[in-house]
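K.L.:
Supplied structure: upload-v1.cif, mmCIF, C-alpha atoms and all ligand atoms.
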```
data_work
#
loop_
_atom_site.label_atom_id
_atom_site.label_comp_id
_atom_site.auth_asym_id
_atom_site.auth_seq_id
_atom_site.Cartn_x
_atom_site.Cartn_y
_atom_site.Cartn_z
CA VAL A 1 -54.45 -62.63 48.86
CA ASP A 2 -56.96 -64.21 46.48
CA ASP A 3 -59.84 -66.50 47.35
CA ALA A 4 -58.03 -69.69 46.35
CA VAL A 5 -55.10 -68.88 48.65
CA THR A 6 -57.48 -68.11 51.50
CA GLU A 7 -59.36 -71.36 50.89
CA ALA A 8 -56.15 -73.42 50.89
CA LEU A 9 -54.91 -71.64 54.00
CA LEU A 10 -58.17 -72.28 55.80
CA THR A 11 -58.12 -75.96 54.87
CA SER A 12 -54.59 -76.44 56.18
CA LEU A 13 -55.28 -74.53 59.41
CA ARG A 14 -58.54 -76.43 59.97
CA GLU A 15 -56.58 -79.69 59.90
CA LEU A 16 -54.31 -78.41 62.64
CA PHE A 17 -56.67 -76.31 64.73
CA GLY A 18 -60.18 -77.62 64.11
CA THR A 19 -62.84 -75.06 64.97
CA ARG A 20 -60.22 -72.69 66.39
CA ALA A 21 -59.57 -71.76 62.73
CA ARG A 22 -62.51 -69.95 61.13
CA ALA A 23 -63.38 -68.01 58.00
CA GLY A 24 -64.81 -64.52 58.08
CA GLU A 25 -64.71 -63.92 61.84
CA PRO A 26 -66.24 -60.45 62.46
CA LEU A 27 -63.58 -58.33 64.14
CA ASN A 28 -66.05 -55.93 65.70
CA ARG A 29 -66.47 -58.68 68.29
CA HIS A 30 -62.81 -58.37 69.18
CA THR A 31 -62.23 -54.61 69.33
CA SER A 32 -63.07 -52.22 72.15
CA PHE A 33 -64.40 -49.80 69.48
CA ARG A 34 -66.90 -52.50 68.41
CA ILE A 35 -65.87 -51.68 64.84
CA GLY A 36 -64.22 -53.82 62.17
CA GLY A 37 -65.05 -56.10 59.24
CA PRO A 38 -64.18 -59.80 58.93
CA ALA A 39 -60.82 -61.57 59.11
CA ASP A 40 -60.28 -63.79 56.05
CA VAL A 41 -58.90 -66.44 58.38
CA TRP A 42 -59.09 -66.31 62.15
CA VAL A 43 -57.09 -68.65 64.34
CA GLU A 44 -56.63 -69.00 68.06
CA VAL A 45 -53.41 -70.63 69.28
CA ASP A 46 -52.52 -72.20 72.59
CA SER A 47 -48.82 -73.03 72.45
CA VAL A 48 -45.54 -71.73 71.08
CA ALA A 49 -45.49 -74.69 68.68
CA GLU A 50 -48.89 -73.62 67.37
CA VAL A 51 -47.64 -70.07 66.85
CA GLN A 52 -44.83 -71.55 64.75
CA GLN A 53 -47.31 -73.62 62.75
CA VAL A 54 -49.36 -70.53 61.93
CA LEU A 55 -46.27 -68.54 60.96
CA SER A 56 -45.17 -71.35 58.62
CA ALA A 57 -48.64 -71.65 57.09
CA ALA A 58 -48.74 -67.90 56.47
CA HIS A 59 -45.28 -67.99 54.95
CA ARG A 60 -46.09 -70.93 52.67
CA ALA A 61 -49.28 -69.26 51.46
CA GLY A 62 -47.65 -65.84 51.14
CA ALA A 63 -50.46 -64.49 53.33
CA PRO A 64 -50.09 -61.58 55.77
CA LEU A 65 -50.45 -62.27 59.49
CA PHE A 66 -51.83 -59.88 62.06
CA VAL A 67 -51.62 -60.60 65.80
CA LEU A 68 -54.58 -59.30 67.75
CA GLY A 69 -54.17 -58.59 71.45
CA GLY A 70 -57.08 -57.19 73.42
CA GLY A 71 -58.10 -55.06 70.43
CA THR A 72 -58.18 -51.89 72.57
CA ASN A 73 -55.90 -49.73 70.44
CA LEU A 74 -57.18 -50.61 67.00
CA LEU A 75 -59.32 -49.14 64.26
CA VAL A 76 -60.07 -52.11 62.01
CA SER A 77 -61.37 -51.21 58.56
CA ASP A 78 -64.95 -51.99 57.55
CA ARG A 79 -63.62 -54.31 54.83
CA GLY A 80 -61.77 -56.31 57.46
CA VAL A 81 -58.34 -57.90 57.34
CA ARG A 82 -56.86 -59.97 54.52
CA GLY A 83 -54.87 -63.08 55.40
CA ILE A 84 -54.66 -64.43 58.95
CA VAL A 85 -55.63 -62.79 62.21
CA MET A 86 -54.12 -64.73 65.10
CA LYS A 87 -55.11 -64.47 68.72
CA LEU A 88 -53.19 -65.98 71.62
CA GLY A 89 -55.50 -68.20 73.64
CA ARG A 90 -56.03 -68.73 77.35
CA ARG A 91 -52.83 -70.74 77.84
CA PHE A 92 -50.99 -67.48 77.18
CA ALA A 93 -52.87 -65.63 79.90
CA GLN A 94 -51.00 -67.03 82.90
CA ILE A 95 -48.89 -64.96 85.26
CA GLU A 96 -46.18 -66.50 87.45
CA TRP A 97 -44.66 -64.70 90.44
CA HIS A 98 -41.14 -65.59 91.58
CA PRO A 99 -39.85 -63.64 94.60
CA ASN A 100 -36.11 -63.25 94.19
CA GLY A 101 -33.85 -61.30 96.53
CA ALA A 102 -34.93 -57.66 96.65
CA GLY A 103 -37.45 -57.97 93.85
CA THR A 104 -39.95 -60.23 92.22
CA HIS A 105 -39.59 -61.71 88.77
CA VAL A 106 -42.84 -61.99 86.88
CA TYR A 107 -43.22 -64.32 83.94
CA ALA A 108 -46.42 -63.70 82.04
CA GLY A 109 -48.07 -64.85 78.85
CA ALA A 110 -48.63 -62.10 76.28
CA ALA A 111 -52.40 -62.62 76.39
CA ALA A 112 -52.59 -61.95 80.14
CA PRO A 113 -54.75 -58.89 80.83
CA PHE A 114 -52.69 -55.86 81.83
CA LYS A 115 -55.32 -55.13 84.49
CA LYS A 116 -54.82 -58.51 86.12
CA LEU A 117 -51.06 -57.91 86.37
CA VAL A 118 -51.59 -54.50 87.99
CA THR A 119 -54.19 -55.75 90.46
CA GLU A 120 -52.06 -58.68 91.58
CA ALA A 121 -48.89 -56.60 91.81
CA VAL A 122 -50.63 -54.07 94.06
CA HIS A 123 -52.07 -56.91 96.13
CA ARG A 124 -48.52 -58.20 96.63
CA ALA A 125 -47.27 -54.71 97.57
CA LEU A 126 -44.99 -54.59 94.52
CA ALA A 127 -44.31 -51.14 93.11
CA GLY A 128 -43.79 -50.00 89.54
CA LEU A 129 -47.09 -50.68 87.82
CA GLU A 130 -49.54 -48.38 89.59
CA PHE A 131 -49.50 -46.00 86.60
CA ALA A 132 -51.12 -48.71 84.50
CA GLU A 133 -54.26 -48.92 86.61
CA GLY A 134 -57.11 -48.83 84.12
CA ILE A 135 -55.15 -49.54 80.91
CA PRO A 136 -57.16 -52.24 79.15
CA GLY A 137 -55.86 -54.89 76.78
CA SER A 138 -53.21 -57.57 76.96
CA LEU A 139 -49.58 -57.46 78.06
CA GLY A 140 -48.46 -58.21 74.50
CA GLY A 141 -50.38 -55.19 73.22
CA GLY A 142 -49.11 -53.14 76.16
CA LEU A 143 -45.54 -54.02 75.18
CA LEU A 144 -46.11 -53.23 71.50
CA MET A 145 -47.60 -49.84 72.33
CA ASN A 146 -45.21 -49.22 75.24
CA ALA A 147 -48.43 -48.43 77.06
CA GLY A 148 -48.18 -45.77 79.71
CA ALA A 149 -49.92 -43.13 81.77
CA PHE A 150 -49.10 -40.55 84.44
CA GLY A 151 -45.40 -40.56 83.55
CA GLY A 152 -44.95 -44.34 83.71
CA GLU A 153 -44.64 -46.84 80.87
CA ILE A 154 -44.35 -50.60 80.60
CA ALA A 155 -40.77 -50.35 79.26
CA GLN A 156 -39.62 -49.48 82.81
CA VAL A 157 -40.32 -52.96 84.14
CA ILE A 158 -39.49 -55.21 81.17
CA GLU A 159 -36.55 -57.59 81.65
CA ALA A 160 -36.87 -59.71 78.53
CA ILE A 161 -39.40 -60.91 76.03
CA GLU A 162 -39.93 -64.26 74.40
CA GLY A 163 -41.61 -65.03 71.15
CA VAL A 164 -41.39 -66.62 67.77
CA ASP A 165 -39.46 -65.04 64.94
CA ALA A 166 -40.85 -65.89 61.51
CA GLU A 167 -37.39 -66.86 60.27
CA ARG A 168 -35.40 -67.86 63.33
CA GLY A 169 -38.03 -69.62 65.44
CA PRO A 170 -38.42 -69.23 69.24
CA GLN A 171 -36.26 -66.46 70.70
CA ARG A 172 -35.61 -64.75 74.01
CA LEU A 173 -34.65 -61.10 73.65
CA PRO A 174 -33.04 -59.50 76.72
CA ARG A 175 -33.79 -55.93 77.73
CA GLU A 176 -30.47 -54.68 76.29
CA VAL A 177 -31.57 -55.31 72.72
CA LEU A 178 -35.10 -53.89 73.09
CA ARG A 179 -35.80 -50.37 71.80
CA PHE A 180 -38.74 -48.43 73.23
CA GLY A 181 -40.09 -44.97 72.42
CA TYR A 182 -43.19 -42.95 73.23
CA ARG A 183 -46.09 -45.37 72.58
CA HIS A 184 -43.69 -47.30 70.42
CA PHE A 185 -41.67 -50.49 70.55
CA ASP A 186 -39.37 -51.68 67.78
CA LEU A 187 -40.50 -55.25 67.28
CA PRO A 188 -38.45 -57.24 64.77
CA ARG A 189 -40.57 -57.81 61.66
CA GLY A 190 -42.63 -60.98 61.79
CA PHE A 191 -42.01 -61.51 65.52
CA VAL A 192 -44.90 -62.77 67.63
CA VAL A 193 -44.50 -62.05 71.34
CA THR A 194 -45.58 -64.98 73.51
CA HIS A 195 -44.19 -64.15 76.96
CA LEU A 196 -42.83 -61.22 78.95
CA ALA A 197 -40.40 -61.25 81.86
CA LEU A 198 -40.78 -58.31 84.21
CA ARG A 199 -39.06 -57.22 87.40
CA LEU A 200 -40.92 -55.44 90.16
CA LEU A 201 -39.58 -54.04 93.40
CA PRO A 202 -41.23 -54.27 96.81
CA GLY A 203 -43.03 -51.12 97.91
CA ASP A 204 -44.90 -49.90 100.93
CA ALA A 205 -48.26 -51.70 100.72
CA GLU A 206 -50.27 -48.67 101.74
CA ALA A 207 -48.38 -46.26 99.46
CA VAL A 208 -48.73 -48.58 96.45
CA ARG A 209 -52.45 -48.98 97.05
CA THR A 210 -52.98 -45.25 97.51
CA ARG A 211 -51.12 -44.40 94.29
CA LYS A 212 -53.21 -46.90 92.37
CA LEU A 213 -56.45 -45.45 93.76
CA GLU A 214 -55.34 -41.91 92.97
CA TYR A 215 -54.66 -42.83 89.34
CA LYS A 216 -57.99 -44.60 89.15
CA ARG A 217 -59.75 -41.48 90.40
CA ARG A 218 -57.95 -39.23 87.94
CA ARG A 219 -58.73 -41.56 85.06
CA GLU A 220 -62.43 -41.73 85.95
CA MET A 221 -62.61 -37.95 86.13
CA HIS A 222 -61.28 -37.41 82.62
CA GLN A 223 -62.17 -40.40 80.48
CA PRO A 224 -65.46 -41.07 78.79
CA LEU A 225 -67.32 -43.97 80.27
CA GLY A 226 -70.11 -45.79 78.59
CA TYR A 227 -69.39 -45.58 74.87
CA PRO A 228 -67.06 -48.01 73.08
CA ASN A 229 -63.71 -46.39 72.23
CA ALA A 230 -60.04 -47.15 71.68
CA GLY A 231 -58.45 -44.83 74.22
CA SER A 232 -56.44 -41.85 73.01
CA ILE A 233 -56.78 -41.43 69.26
CA PHE A 234 -53.69 -39.24 68.71
CA LYS A 235 -50.26 -39.17 70.31
CA ASN A 236 -49.38 -36.12 72.36
CA PRO A 237 -47.07 -33.91 70.29
CA PRO A 238 -43.79 -33.09 72.12
CA GLY A 239 -44.57 -30.78 75.04
CA GLN A 240 -48.28 -30.57 74.25
CA TYR A 241 -51.51 -32.45 74.85
CA ALA A 242 -53.44 -33.66 71.82
CA GLY A 243 -56.70 -33.38 73.78
CA ARG A 244 -56.19 -29.67 74.51
CA LEU A 245 -55.30 -28.87 70.89
CA ILE A 246 -58.38 -30.73 69.63
CA GLU A 247 -60.64 -29.06 72.17
CA ALA A 248 -59.22 -25.61 71.37
CA ALA A 249 -59.88 -26.28 67.67
CA GLY A 250 -63.55 -26.71 68.59
CA PHE A 251 -64.02 -30.41 68.00
CA LYS A 252 -65.64 -31.56 71.26
CA GLY A 253 -68.91 -33.22 70.39
CA ARG A 254 -68.22 -33.16 66.61
CA ARG A 255 -69.89 -36.09 64.85
CA VAL A 256 -69.40 -38.01 61.64
CA GLY A 257 -72.04 -40.74 61.33
CA GLY A 258 -71.89 -42.77 64.54
CA ALA A 259 -68.44 -41.49 65.52
CA MET A 260 -68.19 -38.60 67.96
CA VAL A 261 -65.44 -36.64 69.66
CA SER A 262 -66.01 -37.23 73.36
CA GLU A 263 -67.43 -34.36 75.38
CA GLN A 264 -65.28 -35.39 78.37
CA HIS A 265 -61.96 -35.79 76.63
CA ALA A 266 -61.34 -34.43 73.15
CA ASN A 267 -58.63 -36.98 72.38
CA PHE A 268 -61.19 -39.77 72.59
CA ILE A 269 -63.46 -40.65 69.70
CA VAL A 270 -66.40 -42.74 70.83
CA ASN A 271 -68.69 -45.08 68.95
CA ALA A 272 -71.96 -43.40 69.85
CA GLY A 273 -73.92 -46.08 68.02
CA GLY A 274 -73.36 -47.86 64.72
CA ALA A 275 -70.12 -46.06 63.88
CA THR A 276 -68.17 -47.44 60.93
CA ALA A 277 -64.40 -47.40 60.60
CA ALA A 278 -64.87 -44.94 57.74
CA ASP A 279 -66.79 -42.58 60.08
CA VAL A 280 -63.93 -42.63 62.58
CA ARG A 281 -61.32 -42.19 59.89
CA THR A 282 -63.13 -39.23 58.36
CA LEU A 283 -63.50 -37.62 61.77
CA MET A 284 -59.78 -38.22 62.43
CA ALA A 285 -58.90 -36.54 59.13
CA GLU A 286 -61.08 -33.53 59.99
CA ILE A 287 -59.36 -33.22 63.36
CA VAL A 288 -55.88 -33.44 61.84
CA ALA A 289 -56.76 -30.74 59.30
CA GLY A 290 -58.43 -28.50 61.90
CA VAL A 291 -55.59 -28.75 64.42
CA GLN A 292 -52.98 -28.20 61.73
CA GLN A 293 -54.75 -25.10 60.51
CA GLN A 294 -55.20 -23.61 63.97
CA HIS A 295 -52.10 -24.73 65.82
CA HIS A 296 -49.66 -25.66 63.02
CA VAL A 297 -49.17 -29.07 64.61
CA VAL A 298 -49.64 -32.32 62.71
CA LEU A 299 -51.24 -34.89 65.00
CA GLU A 300 -50.17 -38.49 64.60
CA PRO A 301 -52.52 -41.34 65.34
CA GLU A 302 -51.89 -43.42 68.45
CA VAL A 303 -54.63 -45.85 67.49
CA ARG A 304 -53.44 -48.37 64.89
CA LEU A 305 -55.27 -48.47 61.58
CA VAL A 306 -55.53 -52.10 60.62
CA GLY A 307 -56.82 -54.01 57.61
CA ASP A 308 -57.94 -53.33 54.10
CA TRP A 309 -58.91 -49.69 53.50
CA GLY A 310 -59.53 -50.19 49.81
CA PRO A 311 -58.02 -48.46 46.81
CA ALA A 312 -59.64 -45.09 47.49
CA ALA A 313 -58.26 -44.80 51.03
C1 LIG A 401 -60.64 -46.86 77.76
C2 LIG A 401 -59.23 -46.99 77.25
C3 LIG A 401 -58.20 -46.40 77.96
C4 LIG A 401 -56.89 -46.49 77.51
N1 LIG A 401 -55.89 -45.91 78.24
C5 LIG A 401 -54.60 -46.01 77.83
C6 LIG A 401 -53.53 -45.42 78.58
O1 LIG A 401 -53.73 -44.81 79.62
N2 LIG A 401 -52.28 -45.58 78.12
C7 LIG A 401 -51.98 -46.26 76.98
O2 LIG A 401 -50.81 -46.38 76.62
N3 LIG A 401 -52.97 -46.84 76.25
C8 LIG A 401 -54.26 -46.73 76.64
N4 LIG A 401 -55.25 -47.31 75.89
C9 LIG A 401 -54.92 -47.95 74.61
C10 LIG A 401 -54.68 -49.48 74.72
O3 LIG A 401 -55.42 -50.01 75.79
C11 LIG A 401 -53.22 -49.82 74.90
O4 LIG A 401 -52.47 -49.38 73.80
C12 LIG A 401 -53.03 -51.33 75.09
O5 LIG A 401 -51.75 -51.56 75.61
C13 LIG A 401 -53.22 -52.13 73.81
O6 LIG A 401 -53.22 -53.51 74.14
P1 LIG A 401 -54.09 -54.58 73.33
O7 LIG A 401 -53.78 -55.91 73.88
O8 LIG A 401 -55.50 -54.19 73.30
O9 LIG A 401 -53.42 -54.45 71.89
P2 LIG A 401 -54.15 -54.43 70.46
O10 LIG A 401 -54.90 -53.16 70.34
O11 LIG A 401 -54.85 -55.70 70.22
O12 LIG A 401 -52.87 -54.38 69.51
C14 LIG A 401 -51.98 -53.29 69.52
C15 LIG A 401 -50.77 -53.65 68.65
O13 LIG A 401 -50.02 -54.67 69.29
C16 LIG A 401 -49.83 -55.78 68.43
N5 LIG A 401 -49.79 -56.98 69.26
C17 LIG A 401 -50.64 -57.32 70.26
N6 LIG A 401 -50.26 -58.46 70.86
C18 LIG A 401 -49.14 -58.87 70.20
C19 LIG A 401 -48.26 -60.00 70.34
N7 LIG A 401 -48.48 -60.93 71.28
N8 LIG A 401 -47.22 -60.12 69.50
C20 LIG A 401 -47.00 -59.19 68.54
N9 LIG A 401 -47.78 -58.10 68.35
C21 LIG A 401 -48.84 -57.95 69.17
C22 LIG A 401 -51.00 -55.73 67.48
O14 LIG A 401 -50.68 -56.40 66.27
C23 LIG A 401 -51.17 -54.23 67.30
O15 LIG A 401 -50.28 -53.75 66.33
C24 LIG A 401 -56.59 -47.22 76.32
C25 LIG A 401 -57.62 -47.84 75.62
C26 LIG A 401 -58.95 -47.73 76.07
C27 LIG A 401 -60.04 -48.41 75.30
#
```
Please express the file's structure as structure tokens.
Ligand SMILES: Cc1cc2nc3c(=O)[nH]c(=O)nc-3n(C[C@H](O)[C@H](O)[C@H](O)COP(=O)(O)OP(=O)(O)OC[C@H]3O[C@@H](n4cnc5c(N)ncnc54)[C@H](O)[C@@H]3O)c2cc1C
P.N.:
Amino acid sequence: VDDAVTEALLTSLRELFGTRARAGEPLNRHTSFRIGGPADVWVEVDSVAEVQQVLSAAHRAGAPLFVLGGGTNLLVSDRGVRGIVMKLGRRFAQIEWHPNGAGTHVYAGAAAPFKKLVTEAVHRALAGLEFAEGIPGSLGGGLLMNAGAFGGEIAQVIEAIEGVDAERGPQRLPREVLRFGYRHFDLPRGFVVTHLALRLLPGDAEAVRTRKLEYKRRREMHQPLGYPNAGSIFKNPPGQYAGRLIEAAGFKGRRVGGAMVSEQHANFIVNAGGATAADVRTLMAEIVAGVQQQHHVVLEPEVRLVGDWGPAA
């Protein structure tokens, strides 16, 4: 995407979105890692029609589009992201609860915080989401990552999703056509998720609350608090734990620049101060090489590498 295209794109989005469309928004403000260069064009949208407008503008300009959720599973390059970075605004953060027969249907915007959903579900004595206690980010991001913990994952409660397809416009996709895997969801190319429909079942209020508290305790025991991070860096290889392999390979506390392998949990890299995306990426490469050499296992990143990594990368 060259400068003229970016300029034209910005002008057309400014007309539609005013100050909600901006040039050069620093993405370190929007990632839990506190790392990331600028977005060429940043836009915040508040309706399905606006999502469509942005998709059309991107298509007309031939510019790439990246949808940012809570930014809690991302490593954004120091050079930033070319084209458009779109964020769903507050109108997409609502959660509706509709009791229905034995269960409750939940209809939520993709920008709603996962934590809010879990807290309210537990408050309503609805079971099925206790595992997600403590998973940060948005529901849209949770869906895309099929976020999970302690044996549970978001796929278990999804009934349907709604969103805008770049070619076909607004769509509702029922559960039957959705394909989930481990920290993976097959989203049709160019599809922006705007809403999720979930189904939760009533549970015993006390049991639901106790499970949630137990997961909270276990999470606090094992996860690094204090430093910015993006959760688990690598996926667990089948039948193994990435954290144990990394620890056994001697990486706890290893530093590259401002990036450091957490002392509490070896599958977390923390930004110990002023870390660049390049620091994290170099540390990740060292870990992959070290674990491969020692354990003959090739770790795959769970964190998503986003943006422009330059010709040398
Ligand atoms: C302290 C900490 C603990 C964590 N613990 C866990 C855990 O226990 N389990 C776990 O699974 N994860 C965990 N994570 C990782 C992360 O929180 C999850 O993957 C989360 O679900 C990501 O959501 P997000 O909104 O931040 O997505 P982002 O990181 O913003 O985006 C993730 C992907 O989803 C896409 N996306 C987001 N929204 C949309 C949308 N509306 N439409 C289309 N695409 C979209 C993005 O383009 C990107 O590719 C943890 C992270 C941290 C920082």
K.L.:
Near A:Ser47, counting all atoms listed in the file, which residues have an atom at most 9 Å away, once you skip same-chain residues fewer than 5 positions from it, shown as a PyMOL selection string?
P.N.:
chain A and resi 52+88-89+91-92+194
K.L.:
Kindly compile the residues surrounding ligand LIG 401 (chain A) within 6 Å, counting only C-alpha atoms and all ligand atoms, and format them as a ChimeraX atom specification.
P.N.:
/A:32,66-74,110,135-138,140-142,144-145,147-149,192-194,229-231
K.L.:
Please identify all polymer residues lying at most 9 Å from the point (-54.3, -34.1, 65.8) (file coordinates), using all atoms listed in the file, and present the result as JSON, numbers by chain.
P.N.:
{"A": [233, 234, 235, 236, 237, 242, 243, 245, 246, 267, 284, 285, 286, 287, 288, 289, 290, 291, 292, 297, 298, 299, 300, 301]}
K.L.:
Store the residues picked out above in a file with C-alpha atoms, as a PDB file, in the frame of the given file.
P.N.:
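Dumped to result_1.pdb:
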```pdb
ATOM      1  CA  ILE A 233     -56.780 -41.430  69.260  1.00  0.00           C
ATOM      2  CA  PHE A 234     -53.690 -39.240  68.710  1.00  0.00           C
ATOM      3  CA  LYS A 235     -50.260 -39.170  70.310  1.00  0.00           C
ATOM      4  CA  ASN A 236     -49.380 -36.120  72.360  1.00  0.00           C
ATOM      5  CA  PRO A 237     -47.070 -33.910  70.290  1.00  0.00           C
ATOM      6  CA  ALA A 242     -53.440 -33.660  71.820  1.00  0.00           C
ATOM      7  CA  GLY A 243     -56.700 -33.380  73.780  1.00  0.00           C
ATOM      8  CA  LEU A 245     -55.300 -28.870  70.890  1.00  0.00           C
ATOM      9  CA  ILE A 246     -58.380 -30.730  69.630  1.00  0.00           C
ATOM     10  CA  ASN A 267     -58.630 -36.980  72.380  1.00  0.00           C
ATOM     11  CA  MET A 284     -59.780 -38.220  62.430  1.00  0.00           C
ATOM     12  CA  ALA A 285     -58.900 -36.540  59.130  1.00  0.00           C
ATOM     13  CA  GLU A 286     -61.080 -33.530  59.990  1.00  0.00           C
ATOM     14  CA  ILE A 287     -59.360 -33.220  63.360  1.00  0.00           C
ATOM     15  CA  VAL A 288     -55.880 -33.440  61.840  1.00  0.00           C
ATOM     16  CA  ALA A 289     -56.760 -30.740  59.300  1.00  0.00           C
ATOM     17  CA  GLY A 290     -58.430 -28.500  61.900  1.00  0.00           C
ATOM     18  CA  VAL A 291     -55.590 -28.750  64.420  1.00  0.00           C
ATOM     19  CA  GLN A 292     -52.980 -28.200  61.730  1.00  0.00           C
ATOM     20  CA  VAL A 297     -49.170 -29.070  64.610  1.00  0.00           C
ATOM     21  CA  VAL A 298     -49.640 -32.320  62.710  1.00  0.00           C
ATOM     22  CA  LEU A 299     -51.240 -34.890  65.000  1.00  0.00           C
ATOM     23  CA  GLU A 300     -50.170 -38.490  64.600  1.00  0.00           C
ATOM     24  CA  PRO A 301     -52.520 -41.340  65.340  1.00  0.00           C
TER      25      PRO A 301
END
```
K.L.:
Distance atom CA of A:Gly101-atom CA of A:Pro174, one decimal place?
P.N.:
19.9 Å
K.L.:
Applying 8 Å and all atoms listed in the file, which residues near A:Asn146 remain after dropping the ones on its own chain fewer than 5 positions away? List them as a PyMOL selection string.
P.N.:
chain A and resi 153-155+180-185
K.L.:
Using all atoms listed in the file, what does the table of stretch 36-123 of chain A residues within 10 Å of stretch 156-161 of chain A look like, with each row giving the shortest atom pair and its distance in Å to one decimal, sorted by chain and ascending number, as a Markdown table?
P.N.:
```
| residue | atom | partner | partner_atom | distance |
| --- | --- | --- | --- | --- |
| A:His105 | CA | A:Glu159 | CA | 8.8 |
| A:Val106 | CA | A:Glu159 | CA | 9.3 |
| A:Tyr107 | CA | A:Ile161 | CA | 9.4 |
| A:Ala108 | CA | A:Ile161 | CA | 9.7 |
| A:Gly109 | CA | A:Ile161 | CA | 9.9 |
| A:Ala110 | CA | A:Ile161 | CA | 9.3 |
```
K.L.:
With C-alpha atoms retained, export the selected residues as a compact mmCIF listing (two decimals), keeping the file's coordinate frame.
P.N.:
```
# COMPACT_ATOMS: atom_id res chain seq x y z
CA HIS A 105 -39.59 -61.71 88.77
CA VAL A 106 -42.84 -61.99 86.88
CA TYR A 107 -43.22 -64.32 83.94
CA ALA A 108 -46.42 -63.70 82.04
CA GLY A 109 -48.07 -64.85 78.85
CA ALA A 110 -48.63 -62.10 76.28
```
K.L.:
Could you pull the residues within 12 Å of A:Glu133, counting only C-alpha atoms, minus those fewer than 3 positions along the same chain, as a ChimeraX atom specification?
P.N.:
/A:113-122,128-130,136-137,147-150,152-154,208-220
K.L.:
Quick one, how far is atom CA of A:Val280 from atom CA of A:Ser232?
P.N.:
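That distance, rounded to one decimal, is 12.9 Å.
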K.L.:
Have a look at A:Lys87, A:His30, A:His59, A:Arg175 and name the one nearest to A:Asp46; count all atoms listed in the file.
P.N.:
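For A:Asp46, the nearest of the given residues is A:Lys87.
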K.L.:
Under the rule that only C-alpha atoms are counted, which of A:Asp308, A:Gly151, A:Val261, A:Thr282 is the nearest residue to A:Asp40?
P.N.:
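That would be A:Asp308, the residue with the smallest distance to A:Asp40.
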K.L.:
Which neighbours of stretch 11-24 of chain A fall inside 9 Å, counting all atoms listed in the file, when residues of the same chain fewer than 3 positions from it are skipped, and could you give them as a PyMOL selection string?
P.N.:
chain A and resi 6-8+27+37-45+50+53-54+57+80
K.L.:
Counting only C-alpha atoms, I want the residues whose atoms come within 12 Å of (-69.2, -37.6, 63.5) in the file frame, returned as a ChimeraX atom specification.
P.N.:
/A:251-262,269-287
K.L.:
Could you tell me how far atom CA of A:Leu143 sits from atom CA of A:Leu126, in Å to one decimal place?
P.N.:
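Calculated distance between atom CA of A:Leu126 and atom CA of A:Leu143 is 19.4 Å.
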K.L.:
Starting from the sparse input, extend stretch 14-22 of chain A to N, CA, C and O atoms and give the output as a PDB file, in the frame of the given file.
P.N.:
```pdb
ATOM      1  N   ARG A  14     -57.462 -75.609  59.401  1.00  0.00           N
ATOM      2  CA  ARG A  14     -58.540 -76.430  59.970  1.00  0.00           C
ATOM      3  C   ARG A  14     -58.028 -77.795  60.411  1.00  0.00           C
ATOM      4  O   ARG A  14     -58.401 -78.310  61.456  1.00  0.00           O
ATOM      5  N   GLU A  15     -57.139 -78.371  59.567  1.00  0.00           N
ATOM      6  CA  GLU A  15     -56.580 -79.690  59.900  1.00  0.00           C
ATOM      7  C   GLU A  15     -55.827 -79.628  61.218  1.00  0.00           C
ATOM      8  O   GLU A  15     -55.881 -80.544  62.018  1.00  0.00           O
ATOM      9  N   LEU A  16     -55.124 -78.518  61.431  1.00  0.00           N
ATOM     10  CA  LEU A  16     -54.310 -78.410  62.640  1.00  0.00           C
ATOM     11  C   LEU A  16     -55.100 -77.921  63.844  1.00  0.00           C
ATOM     12  O   LEU A  16     -54.874 -78.340  64.963  1.00  0.00           O
ATOM     13  N   PHE A  17     -56.037 -77.015  63.605  1.00  0.00           N
ATOM     14  CA  PHE A  17     -56.670 -76.310  64.730  1.00  0.00           C
ATOM     15  C   PHE A  17     -58.163 -76.563  64.894  1.00  0.00           C
ATOM     16  O   PHE A  17     -58.773 -76.044  65.830  1.00  0.00           O
ATOM     17  N   GLY A  18     -58.745 -77.340  64.000  1.00  0.00           N
ATOM     18  CA  GLY A  18     -60.180 -77.620  64.110  1.00  0.00           C
ATOM     19  C   GLY A  18     -60.981 -76.334  64.077  1.00  0.00           C
ATOM     20  O   GLY A  18     -60.706 -75.433  63.291  1.00  0.00           O
ATOM     21  N   THR A  19     -61.953 -76.226  64.995  1.00  0.00           N
ATOM     22  CA  THR A  19     -62.840 -75.060  64.970  1.00  0.00           C
ATOM     23  C   THR A  19     -62.172 -73.783  65.489  1.00  0.00           C
ATOM     24  O   THR A  19     -62.770 -72.714  65.442  1.00  0.00           O
ATOM     25  N   ARG A  20     -60.932 -73.907  65.987  1.00  0.00           N
ATOM     26  CA  ARG A  20     -60.220 -72.690  66.390  1.00  0.00           C
ATOM     27  C   ARG A  20     -59.759 -71.890  65.172  1.00  0.00           C
ATOM     28  O   ARG A  20     -59.302 -70.764  65.303  1.00  0.00           O
ATOM     29  N   ALA A  21     -59.848 -72.501  63.978  1.00  0.00           N
ATOM     30  CA  ALA A  21     -59.570 -71.760  62.730  1.00  0.00           C
ATOM     31  C   ALA A  21     -60.909 -71.533  62.033  1.00  0.00           C
ATOM     32  O   ALA A  21     -61.681 -72.469  61.831  1.00  0.00           O
ATOM     33  N   ARG A  22     -61.197 -70.281  61.709  1.00  0.00           N
ATOM     34  CA  ARG A  22     -62.510 -69.950  61.130  1.00  0.00           C
ATOM     35  C   ARG A  22     -62.363 -68.955  59.980  1.00  0.00           C
ATOM     36  O   ARG A  22     -61.435 -68.153  59.963  1.00  0.00           O
TER      37      ARG A  22
END
```
